[in-house]
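Enquirer: Below is the file query.cif, which contains mmCIF, C-alpha atoms and all ligand atoms.
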```
data_run
loop_
_atom_site.label_atom_id
_atom_site.label_comp_id
_atom_site.auth_asym_id
_atom_site.auth_seq_id
_atom_site.Cartn_x
_atom_site.Cartn_y
_atom_site.Cartn_z
CA MET A 12 1.95 5.91 -4.43
CA PRO A 13 0.20 4.64 -1.33
CA GLU A 14 1.98 1.50 -0.10
CA LEU A 15 0.70 -1.25 2.19
CA PRO A 16 1.30 0.65 5.47
CA GLU A 17 -0.59 3.70 4.16
CA VAL A 18 -3.54 1.58 3.02
CA GLU A 19 -3.58 -0.35 6.29
CA THR A 20 -3.39 2.92 8.24
CA ILE A 21 -6.43 4.42 6.51
CA ARG A 22 -8.26 1.10 6.78
CA ARG A 23 -7.84 1.08 10.55
CA GLN A 24 -8.87 4.71 10.89
CA LEU A 25 -11.93 4.50 8.63
CA GLU A 26 -12.94 1.32 10.42
CA ASP A 27 -13.28 3.34 13.62
CA ILE A 28 -15.44 5.92 11.87
CA ILE A 29 -17.70 4.45 9.16
CA VAL A 30 -18.57 0.90 10.26
CA GLY A 31 -22.29 0.89 11.07
CA LYS A 32 -23.05 3.95 8.96
CA THR A 33 -25.74 3.81 6.26
CA ILE A 34 -25.23 5.26 2.79
CA GLY A 35 -27.78 7.93 1.89
CA LYS A 36 -26.51 9.31 -1.41
CA VAL A 37 -23.80 8.51 -3.96
CA THR A 38 -22.53 10.95 -6.58
CA VAL A 39 -20.23 9.87 -9.40
CA LEU A 40 -18.44 12.93 -10.80
CA ALA A 41 -16.20 11.13 -13.28
CA SER A 42 -17.20 7.72 -14.51
CA LYS A 43 -13.80 6.56 -15.77
CA ASN A 44 -12.62 3.65 -13.59
CA ILE A 45 -15.65 4.01 -11.28
CA LYS A 46 -17.83 0.95 -11.80
CA LEU A 47 -20.91 1.14 -9.61
CA ASP A 48 -24.59 2.00 -9.72
CA PRO A 49 -25.43 4.58 -7.03
CA GLU A 50 -28.95 3.13 -6.74
CA ASN A 51 -27.52 -0.18 -5.51
CA LEU A 52 -25.58 1.52 -2.72
CA ILE A 53 -28.31 3.67 -1.22
CA GLY A 54 -29.60 2.26 2.08
CA ARG A 55 -26.63 -0.10 2.44
CA ARG A 56 -24.82 -0.23 5.75
CA VAL A 57 -21.03 -0.55 6.14
CA VAL A 58 -20.22 -3.77 8.00
CA GLY A 59 -16.42 -3.81 7.85
CA LEU A 60 -13.21 -2.63 6.26
CA HIS A 61 -10.77 -5.14 4.85
CA ARG A 62 -7.52 -5.00 2.93
CA GLN A 63 -6.04 -7.37 0.38
CA ALA A 64 -2.46 -6.38 -0.46
CA LYS A 65 -2.82 -2.67 -1.30
CA VAL A 66 -6.52 -2.92 -2.16
CA LEU A 67 -9.06 -1.51 0.33
CA LEU A 68 -12.50 -3.10 0.64
CA ILE A 69 -15.51 -1.49 2.27
CA LYS A 70 -17.82 -4.40 3.09
CA LEU A 71 -21.56 -3.73 2.81
CA ASP A 72 -24.58 -5.49 4.33
CA ASN A 73 -25.74 -6.92 0.98
CA ASN A 74 -22.76 -9.26 0.46
CA HIS A 75 -21.11 -6.71 -1.78
CA SER A 76 -17.88 -4.78 -1.33
CA LEU A 77 -16.76 -1.40 -2.55
CA VAL A 78 -13.23 -2.06 -3.76
CA PHE A 79 -10.63 0.74 -3.98
CA HIS A 80 -7.25 0.50 -5.68
CA PHE A 81 -5.42 3.79 -5.21
CA LYS A 82 -2.68 3.19 -7.81
CA MET A 83 -0.51 6.33 -8.15
CA THR A 84 -2.64 9.16 -6.82
CA GLY A 85 -5.85 7.81 -5.27
CA GLN A 86 -6.88 9.29 -1.95
CA LEU A 87 -9.82 9.08 0.45
CA ILE A 88 -10.99 11.96 2.59
CA TYR A 89 -13.75 11.59 5.16
CA GLU A 90 -15.41 14.77 6.34
CA LYS A 91 -18.08 15.45 8.92
CA ASP A 92 -18.70 18.84 10.50
CA SER A 93 -15.23 20.21 11.17
CA GLN A 94 -13.60 16.76 11.34
CA ARG A 95 -11.57 15.65 8.37
CA VAL A 96 -9.59 12.45 8.04
CA ARG A 97 -7.34 11.70 5.07
CA GLY A 98 -5.47 8.81 3.58
CA GLY A 99 -3.83 7.59 0.41
CA HIS A 100 -1.82 9.85 -1.83
CA PRO A 101 -1.01 13.23 -0.23
CA THR A 102 -1.77 16.35 -2.24
CA ALA A 103 -2.85 19.90 -1.51
CA ASP A 104 -6.41 18.62 -2.06
CA TRP A 105 -6.26 17.22 1.47
CA TYR A 106 -6.69 20.75 2.75
CA LYS A 107 -8.99 22.33 0.14
CA PRO A 108 -12.77 22.68 0.38
CA LEU A 109 -14.36 19.55 -1.10
CA PRO A 110 -15.18 18.43 -3.72
CA VAL A 111 -12.04 19.28 -5.73
CA LYS A 112 -11.28 18.90 -9.43
CA ALA A 113 -9.84 15.42 -8.77
CA THR A 114 -12.96 14.19 -6.93
CA LYS A 115 -14.44 11.18 -8.74
CA LEU A 116 -16.89 9.86 -6.20
CA ILE A 117 -18.76 11.14 -3.14
CA ILE A 118 -20.44 8.75 -0.71
CA GLU A 119 -22.75 10.50 1.75
CA PHE A 120 -23.90 8.77 4.90
CA ILE A 121 -27.30 9.50 6.41
CA ASP A 122 -25.66 11.06 9.48
CA GLY A 123 -24.09 13.75 7.27
CA GLY A 124 -20.58 12.27 6.99
CA LYS A 125 -19.10 12.28 3.48
CA LEU A 126 -16.39 10.13 1.98
CA TYR A 127 -14.59 11.63 -1.04
CA TYR A 128 -12.52 9.56 -3.46
CA ASN A 129 -10.09 11.81 -5.33
CA ASP A 130 -7.59 10.74 -7.97
CA GLN A 131 -5.53 13.36 -9.83
CA ARG A 132 -4.03 11.05 -12.42
CA GLY A 133 -7.03 8.75 -12.62
CA PHE A 134 -5.24 5.37 -12.73
CA GLY A 135 -6.94 4.15 -9.56
CA TRP A 136 -10.29 2.35 -9.64
CA VAL A 137 -13.39 1.78 -7.56
CA GLU A 138 -15.83 -1.07 -8.12
CA ASP A 139 -18.96 -2.40 -6.42
CA LEU A 140 -18.56 -6.17 -6.51
CA PRO A 141 -20.52 -9.10 -5.07
CA ASN A 142 -18.30 -10.85 -2.51
CA ASP A 143 -18.37 -14.09 -4.49
CA LYS A 144 -16.68 -12.30 -7.43
CA LEU A 145 -13.84 -10.84 -5.34
CA ALA A 146 -11.50 -13.81 -5.63
CA GLU A 147 -11.56 -13.65 -9.43
CA ARG A 148 -11.31 -9.83 -9.63
CA LEU A 149 -8.46 -9.70 -7.11
CA LYS A 150 -6.57 -12.79 -8.26
CA ASN A 151 -3.50 -10.69 -9.08
CA PHE A 152 -3.30 -9.40 -5.51
CA SER A 153 -1.99 -12.11 -3.23
CA LEU A 154 -3.89 -12.73 -0.02
CA ILE A 155 -0.53 -13.27 1.62
CA ASP A 156 1.42 -10.15 2.56
CA PRO A 157 4.13 -9.49 5.16
CA LEU A 158 1.47 -8.84 7.82
CA SER A 159 -0.36 -12.16 7.21
CA PRO A 160 0.13 -15.14 9.53
CA GLN A 161 0.57 -17.27 6.37
CA PHE A 162 3.73 -15.31 5.51
CA THR A 163 6.33 -17.77 6.79
CA TRP A 164 9.95 -18.05 5.74
CA GLU A 165 9.05 -21.33 4.08
CA TYR A 166 6.49 -19.51 1.93
CA LEU A 167 9.13 -16.95 0.93
CA ALA A 168 11.55 -19.80 0.19
CA LYS A 169 8.98 -21.43 -2.07
CA ILE A 170 8.49 -18.33 -4.21
CA CYS A 171 12.25 -17.65 -4.34
CA ARG A 172 13.22 -21.16 -5.42
CA SER A 173 10.88 -21.13 -8.38
CA SER A 174 12.49 -18.08 -10.01
CA ARG A 175 15.84 -16.96 -11.36
CA ARG A 176 14.67 -13.37 -11.56
CA PRO A 177 16.33 -10.67 -9.42
CA ILE A 178 15.12 -11.00 -5.83
CA LYS A 179 13.73 -7.47 -5.85
CA LEU A 180 11.27 -8.41 -8.61
CA THR A 181 10.24 -11.56 -6.75
CA ILE A 182 9.33 -9.77 -3.54
CA MET A 183 7.45 -7.09 -5.51
CA ASN A 184 5.44 -9.62 -7.53
CA GLN A 185 1.95 -8.82 -6.22
CA LYS A 186 0.58 -12.15 -7.40
CA GLU A 187 2.82 -14.08 -5.01
CA LEU A 188 3.41 -11.60 -2.21
CA GLY A 189 0.96 -8.76 -1.77
CA GLY A 190 1.67 -5.20 -0.83
CA VAL A 191 5.45 -4.87 -1.08
CA GLY A 192 6.09 -1.69 -3.04
CA ASN A 193 9.32 -0.05 -4.10
CA ILE A 194 10.20 1.68 -0.84
CA TYR A 195 9.78 -1.39 1.34
CA ALA A 196 11.43 -3.73 -1.18
CA ASN A 197 14.55 -1.53 -1.19
CA ASP A 198 14.68 -1.17 2.58
CA SER A 199 14.08 -4.84 3.38
CA LEU A 200 16.86 -5.96 0.99
CA TRP A 201 19.23 -3.54 2.72
CA LEU A 202 18.15 -4.84 6.14
CA ALA A 203 18.84 -8.41 4.96
CA ARG A 204 22.16 -7.39 3.26
CA ILE A 205 21.03 -8.83 -0.08
CA HIS A 206 21.82 -7.26 -3.48
CA PRO A 207 18.59 -6.37 -5.36
CA LEU A 208 19.81 -8.21 -8.49
CA GLN A 209 20.73 -11.45 -6.71
CA PRO A 210 18.91 -14.25 -8.59
CA SER A 211 16.07 -15.42 -6.33
CA ASN A 212 16.91 -19.11 -6.52
CA THR A 213 20.51 -18.53 -5.36
CA LEU A 214 19.52 -17.31 -1.88
CA SER A 215 20.50 -19.58 1.01
CA ASP A 216 18.01 -20.60 3.70
CA LYS A 217 19.79 -18.21 6.05
CA GLU A 218 19.40 -15.29 3.62
CA ILE A 219 15.73 -16.11 3.06
CA LYS A 220 15.14 -16.15 6.83
CA HIS A 221 16.84 -12.77 7.12
CA LEU A 222 14.80 -11.38 4.24
CA HIS A 223 11.57 -12.75 5.74
CA GLN A 224 12.26 -10.94 9.02
CA ALA A 225 13.40 -7.81 7.14
CA LEU A 226 10.16 -7.60 5.12
CA ILE A 227 8.07 -7.84 8.29
CA GLN A 228 10.27 -5.31 10.07
CA ALA A 229 10.16 -2.78 7.19
CA ILE A 230 6.36 -2.95 6.82
CA GLN A 231 5.81 -2.78 10.57
CA GLU A 232 8.07 0.24 10.88
CA GLY A 233 6.09 1.84 8.06
CA LEU A 234 2.88 1.23 10.01
CA LYS A 235 4.47 2.56 13.16
CA TYR A 236 5.29 5.81 11.46
CA ASN A 237 1.80 5.94 9.92
CA GLY A 238 3.01 5.09 6.47
CA ALA A 239 5.59 6.66 4.26
CA THR A 240 5.03 9.26 1.69
CA ILE A 241 7.69 11.49 0.36
CA SER A 242 6.90 15.00 1.49
CA THR A 243 3.69 15.57 3.29
CA TYR A 244 1.90 12.35 4.00
CA LEU A 245 -0.72 12.85 6.65
CA ASP A 246 -2.77 10.00 8.04
CA THR A 247 -6.50 10.22 8.72
CA LYS A 248 -5.92 11.90 12.06
CA GLY A 249 -3.81 14.58 10.41
CA LYS A 250 -0.53 13.30 11.78
CA LYS A 251 2.37 13.46 9.42
CA GLY A 252 3.68 10.10 8.20
CA GLU A 253 7.23 9.87 9.43
CA TYR A 254 8.63 6.77 7.80
CA GLN A 255 10.39 8.87 5.18
CA GLN A 256 12.65 10.10 7.94
CA HIS A 257 13.55 6.51 8.67
CA PHE A 258 14.36 5.13 5.19
CA LYS A 259 17.21 2.65 5.43
CA VAL A 260 18.43 2.96 1.86
CA TYR A 261 15.50 4.18 -0.27
CA SER A 262 16.09 7.61 -1.79
CA ARG A 263 19.57 7.87 -0.20
CA ALA A 264 21.72 7.75 -3.37
CA GLY A 265 25.14 9.30 -2.82
CA GLN A 266 24.82 9.20 0.96
CA LYS A 267 26.83 7.05 3.35
CA CYS A 268 25.40 3.63 4.24
CA LEU A 269 23.71 3.79 7.65
CA ARG A 270 25.93 0.87 8.72
CA ASN A 271 28.96 3.18 8.43
CA ASP A 272 30.77 0.47 6.53
CA GLY A 273 32.43 2.89 4.09
CA GLY A 274 29.75 2.22 1.44
CA VAL A 275 28.05 5.01 -0.52
CA ILE A 276 24.51 4.24 -1.68
CA LYS A 277 24.14 3.58 -5.41
CA VAL A 278 21.01 3.79 -7.54
CA ILE A 279 20.19 1.49 -10.46
CA ARG A 280 17.01 0.52 -12.32
CA VAL A 281 15.45 -2.88 -11.71
CA GLY A 282 12.24 -3.59 -13.61
CA GLY A 283 12.05 0.12 -14.42
CA ARG A 284 11.99 1.16 -10.76
CA ARG A 285 14.65 3.10 -8.88
CA THR A 286 16.66 0.69 -6.80
CA PHE A 287 19.09 1.67 -4.04
CA PHE A 288 21.78 -0.47 -2.46
CA CYS A 289 25.07 -0.31 -0.61
CA PRO A 290 27.91 -1.89 -2.62
CA VAL A 291 29.72 -2.83 0.61
CA CYS A 292 27.08 -4.68 2.65
CA GLN A 293 24.87 -5.83 -0.26
CA LYS A 294 27.30 -7.60 -2.56
CA LEU A 295 26.14 -9.44 -5.67
CA ARG A 296 27.28 -13.06 -5.39
CA VAL A 297 28.15 -14.97 -8.54
ZN ZN B 1 26.46 -0.81 3.71
#
```
Go through the file and emit its structure as structure tokens.
Ligand SMILES: [Zn+2]
Expert:
Amino acid sequence: MPELPEVETIRRQLEDIIVGKTIGKVTVLASKNIKLDPENLIGRRVVGLHRQAKVLLIKLDNNHSLVFHFKMTGQLIYEKDSQRVRGGHPTADWYKPLPVKATKLIIEFIDGGKLYYNDQRGFGWVEDLPNDKLAERLKNFSLIDPLSPQFTWEYLAKICRSSRRPIKLTIMNQKELGGVGNIYANDSLWLARIHPLQPSNTLSDKEIKHLHQALIQAIQEGLKYNGATISTYLDTKGKKGEYQQHFKVYSRAGQKCLRNDGGVIKVIRVGGRRTFFCPVCQKLRV
């Protein structure tokens, strides 16, 4: 599942390529979860690429945005001549001649470049929305994420103090804090030495400050390594995402804690998601 660093990585790379381009043709190959009228897109120019939490927005010159939510398996591939750039969920489709079976939407620019939206499992969605409807449509995706200037430790403290739920669920609640998925939630709690089940409203100011820094650090490391994806993530320039080689605790069940504190990483389920922690440096306080 593409996480915030992967979406931000493709946003930055597509921004370099498609801003200023004009759409010449739009083909919808599978209408499920694709809400747009190709006629309304033809002749429109791309004026910017934005991101809200894990949602990617291609801004157009008619005060509309093409909104992409990749969910589990959404991916974008841009192709022109022999150049191909890829982002989102990594599959063998990244390397196959396009379109593929999973292609739902093709946007062709008048200069010959083509943007393919593929989604194997089909949970992702794409919508053409007027900009004044975005706030309502995206109200469940917080504008504040760990890369936002508004993400202060005081903001984190505010959302922690209002909830007794396990801290891992609080930092993954997309309505309050955008973009923190399972990998980065696990790793930032390890960085901050906080047990994933610790009730949110029992964290001290000191722990919240540590967690605030840890969330920023984990997401920025993800960006640095061009986003994590378990096996073969490649960013739009074809470089392999390397964050998976730098997981702190995620996916390390049964291995020694990287702090060499004698702890062996355990895995539990929190909110249905696999949750990893070190029983030595992330103790549950009662
Ligand atoms: Zn440890």
Enquirer: Could you report the residues within 7 Å of ligand ZN 1 (chain B), using only C-alpha atoms and all ligand atoms, as a PyMOL selection string?
Expert: chain A and resi 268-272+274+289-293
Enquirer: Find, counting all atoms listed in the file, the residue in A:Lys115, A:Lys65, A:Lys70, A:Arg285 that gets nearest to Ile88 (chain A).
Expert: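 The shortest atom-to-atom distance to Ile88 (chain A) comes from A:Lys115.
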Enquirer: To one decimal place in Å, what is the distance between CA of Leu25 (chain A) and CA of Arg55 (chain A)?
Expert: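 Straight-line distance from CA of Leu25 (chain A) to CA of Arg55 (chain A) works out to 16.6 Å.
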Enquirer: Of the candidates A:Gly85, A:Pro207, A:Gly273, A:Gly123, which one gets nearest to Val137 (chain A) if we count all atoms listed in the file?
Expert: A:Gly85
Enquirer: Do a neighbour search on Lys32 (chain A) at 12 Å with all atoms listed in the file, toss out local chain neighbours closer than 3 positions, and write the hits as a list in words.
Expert: Leu25, Glu26, Asp27, Ile28, Ile29, Gly35, Ile53, Gly54, Arg55, Arg56, Val57, Val58, Gly59, Ile69, Lys70, Leu71, Asp72, Ile118, Glu119, Phe120, Ile121, Asp122, Gly123, Gly124, Lys125 and Leu126 of chain A
Enquirer: Dig up all the protein and nucleic acid residues within 9 Å of (10.4, -5.9, 5.6) in the file frame, using only C-alpha atoms, and format them as a short mmCIF file (atom, residue, chain, number, x, y, z; two decimals) with C-alpha atoms, in the frame of the given file.
Expert:
```cif
data_model
loop_
_atom_site.label_atom_id
_atom_site.label_comp_id
_atom_site.auth_asym_id
_atom_site.auth_seq_id
_atom_site.Cartn_x
_atom_site.Cartn_y
_atom_site.Cartn_z
CA PRO A 157 4.13 -9.49 5.16
CA VAL A 191 5.45 -4.87 -1.08
CA TYR A 195 9.78 -1.39 1.34
CA ALA A 196 11.43 -3.73 -1.18
CA ASP A 198 14.68 -1.17 2.58
CA SER A 199 14.08 -4.84 3.38
CA LEU A 200 16.86 -5.96 0.99
CA LEU A 202 18.15 -4.84 6.14
CA ALA A 203 18.84 -8.41 4.96
CA LEU A 222 14.80 -11.38 4.24
CA HIS A 223 11.57 -12.75 5.74
CA GLN A 224 12.26 -10.94 9.02
CA ALA A 225 13.40 -7.81 7.14
CA LEU A 226 10.16 -7.60 5.12
CA ILE A 227 8.07 -7.84 8.29
CA GLN A 228 10.27 -5.31 10.07
CA ALA A 229 10.16 -2.78 7.19
CA ILE A 230 6.36 -2.95 6.82
CA GLN A 231 5.81 -2.78 10.57
CA GLU A 232 8.07 0.24 10.88
#
```
Enquirer: At most 8 Å from (-15.7, 2.2, -1.6), file frame, all atoms listed in the file: which residues, as a VMD selection string?
Expert: chain A and resid 67 to 69 76 to 79 137 to 139
Enquirer: Keeping only C-alpha atoms, write the selected residues as a PDB file, in the frame of the given file.
Expert:
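Okay, this is what ended up in part_18.pdb:
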```pdb
ATOM      1  CA  LEU A  67      -9.060  -1.510   0.330  1.00  0.00           C
ATOM      2  CA  LEU A  68     -12.500  -3.100   0.640  1.00  0.00           C
ATOM      3  CA  ILE A  69     -15.510  -1.490   2.270  1.00  0.00           C
ATOM      4  CA  SER A  76     -17.880  -4.780  -1.330  1.00  0.00           C
ATOM      5  CA  LEU A  77     -16.760  -1.400  -2.550  1.00  0.00           C
ATOM      6  CA  VAL A  78     -13.230  -2.060  -3.760  1.00  0.00           C
ATOM      7  CA  PHE A  79     -10.630   0.740  -3.980  1.00  0.00           C
ATOM      8  CA  VAL A 137     -13.390   1.780  -7.560  1.00  0.00           C
ATOM      9  CA  GLU A 138     -15.830  -1.070  -8.120  1.00  0.00           C
ATOM     10  CA  ASP A 139     -18.960  -2.400  -6.420  1.00  0.00           C
TER      11      ASP A 139
END
```
Enquirer: To one decimal in Å, tell me the separation between CA of Glu17 (chain A) and CA of Asp48 (chain A).
Expert: 27.8 Å
